[in-house]
Number of protein chains: 2
Amino acid sequence: MLIHSASQILTLAGGPQRGQNLGQLGLIPNGALLIQGEKIVTAGPSEELQAAYPDEPQIDAANCVVMPGFVDPHTHLIWVGDRAAEFEMRLQGKTYLEILAAGGGILSTVRATRAASLYSLLGETRPRMLTMLEHGTTPAEAKTGYGLETESELRMLQALIALDEEGPLELAITFLGAHAIPPEFKDDPQAYTDHLCVNMLPAVGAWWPDGRQLPFVDVFCETGAFDLDQSRQILSLAKKLGFPLKIHADEFDNLGGAALAAELHAVSADHLVATSEEDINILAESDTVAVALPNTPFGLAEDHYTPAQAILEAGGILALATDLNPGTAWCENMQFAIALACRYMHLTPAQAIAAATINAAAAISRADQIGSLEPGKQGDVLILNVPNYQHLGYRFGTNLVRTVVKKGDVVVRNSNG
Amino acid sequence: MLIHSASQILTLAGGPQRGQNLGQLGLIPNGALLIQGEKIVTAGPSEELQAAYPDEPQIDAANCVVMPGFVDPHTHLIWVGDRAAEFEMRLQGKTYLEILAAGGGILSTVRATRAASLYSLLGETRPRMLTMLEHGTTPAEAKTGYGLETESELRMLQALIALDEEGPLELAITFLGAHAIPPEFKDDPQAYTDHLCVNMLPAVGAWWPDGRQLPFVDVFCETGAFDLDQSRQILSLAKKLGFPLKIHADEFDNLGGAALAAELHAVSADHLVATSEEDINILAESDTVAVALPNTPFGLAEDHYTPAQAILEAGGILALATDLNPGTAWCENMQFAIALACRYMHLTPAQAIAAATINAAAAISRADQIGSLEPGKQGDVLILNVPNYQHLGYRFGTNLVRTVVKKGDVVVRNSNG
């Protein structure tokens, strides 16, 4: 397949972009992209490639931008139940932690998810995956964490594996048994932490299908959830068991999760809103990717966003994700995370695009396969119905993706334009 | 056509909603809606209507919300040229008024629009109208104002009339010759004001097709554009010539435009960010609709939004619009204006929905024809792929509309869900 005549091809070539190097788009004006089978073959000037490959099936991308699919490296896309009413409570001034303390919030999703069959887990999640795909997300990370007991967590993992195998949206799966303190342990977080380590993590390892890459293990390191010692306990054991690591760090309070991520060589540390300057520096010296989730403060109408400029100045690897979840940020659209990042994290569109593609791929350890248009990489490609890349960021609240190509197949054709 | 089994029908019956009465949804659980020809016939319990009208074509709206189409009462949807690069300038800290003073901003759109043929005006605008329609906007207001000279302004009016006649998106047309001071008059705003009054307004009146309702006349009453006296001069004359009135008031500075709107019985006063308490009270005692445009401060990453609570407490009629325009807010999606209004203007979802439908219809003087699902009204109806109305507001950055019915015809079927 030859996608030709694009006003701009963004290759994002050259691997993850650290610090102030963020924003290297590898832009080819009037470009073309050759995909054969599931793989990218080459990108270059449209005239040359059209002359060299006249017999390939052609897709005309005139007046369009062609770029790698978005990678969404932090989502809680699988849940059941409805929390729209809670949104109204929050508008009336209740905080996330207050709703959590009152047994609402995440625990209402836990109740509904525990009671759900595998069938309803799949059924409620598929439309969200379709929406993500229609908005240009090709691989997404997806976390458990609404079960908080072995059986329900394994059912969530089972559902995520099934959804990943169904395709076309691939999932990078994360076990987040440490998402919240379940009601059974509400007065004894340490007992749940021990239970996680003694029973749940080994159970996940034993249950996990042979031959499939182990899931990430993630912890919500936060006031009201897991403190720093508990987070270290869980993640250290997970590391010993061979799991790659992630962490929710400093969303509301600075407990030290970012430094812990660096210490344990976690693949990513996510949220990073309240992170101290010292921890930003520690993180920036590591290979741990800093994942900003601007949809979450937006969803909560809070005005504290990840200090992206400080992270870039310190030399960190910055990525963007949606944090899609039923409590604080039901938004499947990575383009909206980009629009927020430009406005509230002061990224340029080019920086935000790199953070949403190649760096986001690094945040799920897949930068060797996806996130850029380089020879041999997976053919996950977007055609955007815009004449230049700055329209990402500039425009907001709609979907600029015209066509989604997944592993070399056209899987979405939107009607826009 | 019988749209049945909706989990909620929102009729918005009862006319425009003033002050604290805002948010009366007229909710019918498990409801159905009968449309015959172009008109709403009745809404009621689904079982009853299904039994009474077994032979009507059926549309199953199970697990969906059915509501009137959104009305977008403030847009600048017709322009040519690309200002994505200017977005990056703004991210670097330049303000709207600084860019305007430097001859950039709106004047770059003016240059491109003056040079454009009718054909390219139509061609560039149609995709935006389609996007609006796909997101559930049924009628939209649409302003000229990128010509700023008689010939170009008339060409914009001609294009808007042609687009309205093409359909299916209806347009309520506004002449905004007083959008900015054109370059020819940059040192003498009063001379342009006089020219508008002596030449342009009469020319519009003379040119306007017989039998078509006169357009609104609007003025951008703002520092750097038209001061209060100039705004009064233009609007008073327009009123004398029979035009209905609108005004851009207090977007950045409080010049008194809101009180002027009330004094002249303008149909709406729009923006209202910097409005004084006194002017809010004057406006609230009038029939002039207060139109909030939350996408604009969002687009500019500013944190001052229309003080909706003060307007409601004073008893004003509050509406929402997108302000779709190439400079500050390229967003066609009324659902996003609702999401912002809930977060930054502290409206409940029910209030924001009423502001985006029946009150928005009042802001273009069409509350007798559209904006609610009442017998005899135009069959402009949305089926949203959500189980309850709070999902509007709660969710953001995507499109929740499944089906758009315009004058009794299904004109959009989105793939979501």
# chains A, B, ... in the order shown; residues from 1 in each chain; ligands from 1

$ interface_residues --of "chain A" --to "chain B" --cutoff "7 Å" --atoms "only C-alpha atoms" --output "number ranges by chain"
A: 84-85, 87-88, 91, 127, 131, 301, 330-331, 333, 336, 343-344, 346, 348, 390-391, 394-398, 416-417

$ write_last_selection --atoms "C-alpha atoms" --output "PDB file, in the first residue's frame"
ATOM      1  CA  ALA A  84     -22.189   9.992  35.655  1.00  0.00           C
ATOM      2  CA  ALA A  85     -24.134  11.016  38.772  1.00  0.00           C
ATOM      3  CA  PHE A  87     -19.768  13.918  38.230  1.00  0.00           C
ATOM      4  CA  GLU A  88     -22.561  16.146  39.492  1.00  0.00           C
ATOM      5  CA  LEU A  91     -19.361  19.810  40.488  1.00  0.00           C
ATOM      6  CA  PRO A 127     -17.355   0.374  22.451  1.00  0.00           C
ATOM      7  CA  THR A 131     -13.888   4.909  20.052  1.00  0.00           C
ATOM      8  CA  ALA A 301     -11.573  21.016  36.732  1.00  0.00           C
ATOM      9  CA  TRP A 330     -13.834   9.516  30.435  1.00  0.00           C
ATOM     10  CA  CYS A 331     -12.180  10.565  27.215  1.00  0.00           C
ATOM     11  CA  ASN A 333      -9.237  10.757  22.497  1.00  0.00           C
ATOM     12  CA  PHE A 336      -7.636  15.980  23.241  1.00  0.00           C
ATOM     13  CA  ARG A 343      -2.455  24.845  26.466  1.00  0.00           C
ATOM     14  CA  TYR A 344      -1.752  23.759  30.033  1.00  0.00           C
ATOM     15  CA  HIS A 346       3.036  24.560  27.346  1.00  0.00           C
ATOM     16  CA  THR A 348       4.373  22.873  21.185  1.00  0.00           C
ATOM     17  CA  GLN A 390      -0.167  22.154  14.095  1.00  0.00           C
ATOM     18  CA  HIS A 391      -3.892  21.486  13.676  1.00  0.00           C
ATOM     19  CA  TYR A 394      -4.874  24.111  17.644  1.00  0.00           C
ATOM     20  CA  ARG A 395      -8.224  22.411  17.135  1.00  0.00           C
ATOM     21  CA  PHE A 396     -10.001  20.635  19.985  1.00  0.00           C
ATOM     22  CA  GLY A 397     -13.031  18.607  20.922  1.00  0.00           C
ATOM     23  CA  THR A 398     -13.425  16.804  17.606  1.00  0.00           C
ATOM     24  CA  ASN A 416     -15.034  13.880   8.459  1.00  0.00           C
ATOM     25  CA  GLY A 417     -14.317  15.956   5.404  1.00  0.00           C
TER      26      GLY A 417
END

$ select_by_dssp --residues "stretch 3-238 of chain B" --states "alpha helix (DSSP H)" --output "PyMOL selection string"
chain B and resi 46-52+84-91+96-101+106-115+118-134+150-166+189-195+201-207+228-238

$ residues_around --residues "stretch 111-120 of chain B" --least-positions-apart "6" --cutoff "12 Å" --atoms "only C-alpha atoms" --output "ChimeraX atom specification"
/B:78-83,103-105,126-127,144-163,182-184,326

$ residues_around --residues "B:Asp253" --least-positions-apart "4" --cutoff "12 Å" --atoms "only C-alpha atoms" --output "VMD selection string"
chain B and resid 97 220 to 228 248 to 249 257 to 258 271 to 276 304

$ residues_around --residues "stretch 217-219 of chain A" --least-positions-apart "6" --cutoff "6 Å" --atoms "only C-alpha atoms" --output "PyMOL selection string"
chain A and resi 174-176+178+245-248

$ write_last_selection --atoms "all heavy atoms" --output "tab-separated table (two decimals), in the first residue's frame"
chain	number	residue	atom	x	y	z
A	174	THR	N	-1.75	-4.35	32.09
A	174	THR	CA	-1.16	-4.03	33.39
A	174	THR	C	-2.03	-4.56	34.52
A	174	THR	O	-3.25	-4.36	34.51
A	174	THR	CB	-1.03	-2.50	33.55
A	174	THR	OG1	-0.10	-2.02	32.57
A	174	THR	CG2	-0.52	-2.12	34.94
A	175	PHE	N	-1.37	-5.22	35.47
A	175	PHE	CA	-2.06	-5.67	36.69
A	175	PHE	C	-1.97	-4.57	37.74
A	175	PHE	O	-0.88	-4.22	38.19
A	175	PHE	CB	-1.43	-6.97	37.22
A	175	PHE	CG	-1.94	-7.37	38.57
A	175	PHE	CD1	-3.25	-7.80	38.72
A	175	PHE	CD2	-1.12	-7.29	39.69
A	175	PHE	CE1	-3.73	-8.17	39.99
A	175	PHE	CE2	-1.61	-7.66	40.95
A	175	PHE	CZ	-2.91	-8.10	41.09
A	176	LEU	N	-3.14	-4.01	38.09
A	176	LEU	CA	-3.18	-2.91	39.07
A	176	LEU	C	-4.03	-3.33	40.27
A	176	LEU	O	-4.98	-2.67	40.67
A	176	LEU	CB	-3.72	-1.64	38.39
A	176	LEU	CG	-3.84	-0.37	39.23
A	176	LEU	CD1	-2.51	0.05	39.83
A	176	LEU	CD2	-4.43	0.77	38.42
A	178	ALA	N	-3.16	-3.06	43.06
A	178	ALA	CA	-2.90	-2.01	44.05
A	178	ALA	C	-3.44	-0.66	43.59
A	178	ALA	O	-2.76	0.35	43.61
A	178	ALA	CB	-1.41	-1.93	44.34
A	245	LEU	N	7.52	-2.86	35.57
A	245	LEU	CA	6.84	-2.03	36.56
A	245	LEU	C	6.34	-0.69	36.01
A	245	LEU	O	6.95	-0.10	35.11
A	245	LEU	CB	7.80	-1.72	37.73
A	245	LEU	CG	8.47	-2.90	38.40
A	245	LEU	CD1	9.34	-2.41	39.56
A	245	LEU	CD2	7.46	-3.93	38.88
A	246	LYS	N	5.25	-0.24	36.61
A	246	LYS	CA	4.72	1.12	36.41
A	246	LYS	C	4.29	1.65	37.77
A	246	LYS	O	4.11	0.88	38.71
A	246	LYS	CB	3.50	1.10	35.48
A	246	LYS	CG	3.84	0.87	34.02
A	246	LYS	CD	2.59	0.83	33.16
A	246	LYS	CE	2.93	0.96	31.69
A	246	LYS	NZ	3.23	2.34	31.27
A	247	ILE	N	4.07	2.95	37.85
A	247	ILE	CA	3.58	3.51	39.11
A	247	ILE	C	2.75	4.76	38.84
A	247	ILE	O	3.04	5.52	37.93
A	247	ILE	CB	4.76	3.82	40.08
A	247	ILE	CG1	4.23	4.20	41.48
A	247	ILE	CG2	5.66	4.92	39.53
A	247	ILE	CD1	5.32	4.17	42.55
A	248	HIS	N	1.64	4.89	39.61
A	248	HIS	CA	0.89	6.15	39.68
A	248	HIS	C	1.56	6.98	40.76
A	248	HIS	O	1.46	6.64	41.95
A	248	HIS	CB	-0.55	5.90	40.14
A	248	HIS	CG	-1.47	5.28	39.13
A	248	HIS	ND1	-1.27	4.06	38.57
A	248	HIS	CD2	-2.64	5.76	38.59
A	248	HIS	CE1	-2.27	3.78	37.74
A	248	HIS	NE2	-3.12	4.80	37.73

$ select_by_dssp --residues "stretch 227-310 of chain B" --states "strand (DSSP E)" --output "JSON, numbers by chain"
{"B": [246, 247, 248, 249, 268, 269, 270, 271, 289, 290, 291, 292]}

$ atom_distance --atom1 "atom CA of A:Ala292" --atom2 "atom CA of B:Thr322"
27.6 Å

$ atom_distance --atom1 "atom CA of B:Tyr305" --atom2 "atom CA of B:Gly14"
28.1 Å

$ residues_around --residues "stretch 1-9 of chain B" --least-positions-apart "3" --cutoff "10 Å" --atoms "only C-alpha atoms" --output "tab-separated table (two decimals) with N, CA and C atoms, in the first residue's frame"
chain	number	residue	atom	x	y	z
B	12	LEU	N	-37.42	19.31	27.03
B	12	LEU	CA	-37.11	20.74	27.19
B	12	LEU	C	-38.34	21.60	26.95
B	25	LEU	N	-35.59	19.76	32.26
B	25	LEU	CA	-35.37	18.92	31.07
B	25	LEU	C	-36.66	18.35	30.50
B	26	GLY	N	-37.73	18.32	31.27
B	26	GLY	CA	-38.94	17.64	30.80
B	26	GLY	C	-38.66	16.18	30.51
B	27	LEU	N	-38.05	15.50	31.49
B	27	LEU	CA	-37.53	14.15	31.27
B	27	LEU	C	-38.64	13.10	31.30
B	28	ILE	N	-38.70	12.28	30.27
B	28	ILE	CA	-39.62	11.14	30.23
B	28	ILE	C	-38.78	9.86	30.23
B	29	PRO	N	-38.84	9.09	31.32
B	29	PRO	CA	-38.09	7.82	31.30
B	29	PRO	C	-38.78	6.81	30.40
B	30	ASN	N	-37.98	5.91	29.83
B	30	ASN	CA	-38.51	4.89	28.91
B	30	ASN	C	-39.53	5.52	27.95
B	31	GLY	N	-39.07	6.46	27.17
B	31	GLY	CA	-39.96	7.28	26.37
B	31	GLY	C	-39.89	7.02	24.87
B	32	ALA	N	-40.85	7.62	24.19
B	32	ALA	CA	-40.88	7.55	22.72
B	32	ALA	C	-41.25	8.93	22.19
B	33	LEU	N	-40.89	9.14	20.93
B	33	LEU	CA	-41.13	10.42	20.28
B	33	LEU	C	-41.68	10.15	18.89
B	34	LEU	N	-42.81	10.76	18.60
B	34	LEU	CA	-43.42	10.59	17.28
B	34	LEU	C	-43.15	11.82	16.43
B	35	ILE	N	-42.59	11.59	15.24
B	35	ILE	CA	-42.33	12.67	14.28
B	35	ILE	C	-43.08	12.31	13.00
B	36	GLN	N	-43.84	13.28	12.48
B	36	GLN	CA	-44.50	13.02	11.19
B	36	GLN	C	-44.18	14.17	10.25
B	37	GLY	N	-43.76	13.84	9.04
B	37	GLY	CA	-43.28	14.87	8.14
B	37	GLY	C	-42.09	15.56	8.77
B	40	ILE	N	-42.53	17.48	15.03
B	40	ILE	CA	-42.78	16.68	16.23
B	40	ILE	C	-44.30	16.58	16.42
B	41	VAL	N	-44.77	15.36	16.67
B	41	VAL	CA	-46.20	15.20	16.97
B	41	VAL	C	-46.42	15.07	18.47
B	42	THR	N	-45.70	14.17	19.09
B	42	THR	CA	-45.87	14.00	20.53
B	42	THR	C	-44.71	13.21	21.12
B	43	ALA	N	-44.53	13.35	22.43
B	43	ALA	CA	-43.57	12.55	23.18
B	43	ALA	C	-44.31	11.97	24.36
B	44	GLY	N	-43.95	10.76	24.77
B	44	GLY	CA	-44.65	10.14	25.89
B	44	GLY	C	-44.03	8.81	26.26
B	45	PRO	N	-44.70	8.08	27.14
B	45	PRO	CA	-44.19	6.77	27.55
B	45	PRO	C	-44.09	5.83	26.33
B	46	SER	N	-43.03	5.10	26.26
B	46	SER	CA	-42.77	4.29	25.07
B	46	SER	C	-43.87	3.25	24.84
B	47	GLU	N	-44.27	2.58	25.90
B	47	GLU	CA	-45.30	1.53	25.74
B	47	GLU	C	-46.56	2.08	25.10
B	49	LEU	N	-47.01	4.86	23.26
B	49	LEU	CA	-46.87	5.32	21.88
B	49	LEU	C	-46.64	4.14	20.93
B	50	GLN	N	-45.92	3.12	21.39
B	50	GLN	CA	-45.73	1.95	20.53
B	50	GLN	C	-47.06	1.25	20.25
B	53	TYR	N	-49.15	3.67	17.81
B	53	TYR	CA	-48.64	3.91	16.45
B	53	TYR	C	-47.83	2.72	15.94
B	54	PRO	N	-48.48	1.57	15.81
B	54	PRO	CA	-47.73	0.36	15.43
B	54	PRO	C	-47.22	0.40	13.98
B	55	ASP	N	-47.82	1.24	13.16
B	55	ASP	CA	-47.47	1.21	11.74
B	55	ASP	C	-46.43	2.26	11.34
B	56	GLU	N	-46.01	3.10	12.30
B	56	GLU	CA	-44.96	4.07	12.00
B	56	GLU	C	-43.62	3.36	11.82
B	57	PRO	N	-42.75	3.87	10.93
B	57	PRO	CA	-41.37	3.35	10.91
B	57	PRO	C	-40.75	3.52	12.29
B	58	GLN	N	-40.08	2.48	12.77
B	58	GLN	CA	-39.59	2.46	14.14
B	58	GLN	C	-38.07	2.67	14.19
B	59	ILE	N	-37.64	3.47	15.16
B	59	ILE	CA	-36.20	3.55	15.46
B	59	ILE	C	-36.03	3.19	16.92
B	60	ASP	N	-35.24	2.15	17.16
B	60	ASP	CA	-35.05	1.68	18.53
B	60	ASP	C	-33.95	2.52	19.19
B	61	ALA	N	-34.30	3.18	20.27
B	61	ALA	CA	-33.33	4.01	20.99
B	61	ALA	C	-33.04	3.45	22.38
B	62	ALA	N	-33.07	2.14	22.50
B	62	ALA	CA	-32.81	1.50	23.80
B	62	ALA	C	-31.44	1.91	24.33
B	63	ASN	N	-31.38	2.18	25.61
B	63	ASN	CA	-30.13	2.61	26.28
B	63	ASN	C	-29.60	3.94	25.77
B	64	CYS	N	-30.46	4.69	25.14
B	64	CYS	CA	-30.04	5.99	24.59
B	64	CYS	C	-30.88	7.13	25.17
B	65	VAL	N	-30.33	8.32	25.04
B	65	VAL	CA	-31.05	9.54	25.39
B	65	VAL	C	-31.49	10.21	24.09
B	66	VAL	N	-32.74	10.64	24.06
B	66	VAL	CA	-33.29	11.35	22.90
B	66	VAL	C	-33.56	12.79	23.32
B	67	MET	N	-33.11	13.73	22.52
B	67	MET	CA	-33.24	15.14	22.92
B	67	MET	C	-33.30	16.03	21.67
B	68	PRO	N	-33.66	17.31	21.84
B	68	PRO	CA	-33.65	18.20	20.69
B	68	PRO	C	-32.22	18.40	20.17
B	373	LEU	N	-38.70	19.44	22.20
B	373	LEU	CA	-39.50	18.41	21.53
B	373	LEU	C	-40.95	18.60	21.93
B	381	VAL	N	-33.83	16.26	16.01
B	381	VAL	CA	-33.75	15.37	17.16
B	381	VAL	C	-32.42	14.62	17.16
B	383	ILE	N	-30.30	11.29	18.85
B	383	ILE	CA	-30.23	10.09	19.68
B	383	ILE	C	-28.78	9.98	20.15
B	384	LEU	N	-28.59	10.07	21.46
B	384	LEU	CA	-27.24	9.99	22.03
B	384	LEU	C	-26.99	8.58	22.53
B	386	VAL	N	-25.86	7.20	25.02
B	386	VAL	CA	-25.55	7.25	26.46
B	386	VAL	C	-26.82	6.89	27.23
B	387	PRO	N	-26.67	6.27	28.41
B	387	PRO	CA	-27.85	5.81	29.16
B	387	PRO	C	-28.55	6.91	29.94
B	388	ASN	N	-27.86	8.01	30.23
B	388	ASN	CA	-28.51	9.11	30.94
B	388	ASN	C	-27.86	10.42	30.54
B	389	TYR	N	-28.60	11.51	30.74
B	389	TYR	CA	-28.16	12.79	30.19
B	389	TYR	C	-26.90	13.34	30.84
B	408	GLY	N	-37.23	15.73	10.48
B	408	GLY	CA	-37.87	14.42	10.30
B	408	GLY	C	-37.08	13.41	9.48
B	409	ASP	N	-35.93	13.81	8.93
B	409	ASP	CA	-35.10	12.86	8.17
B	409	ASP	C	-33.84	12.50	8.95

$ atom_distance --atom1 "atom CA of B:Leu196" --atom2 "atom CA of B:Asp287"
26.8 Å
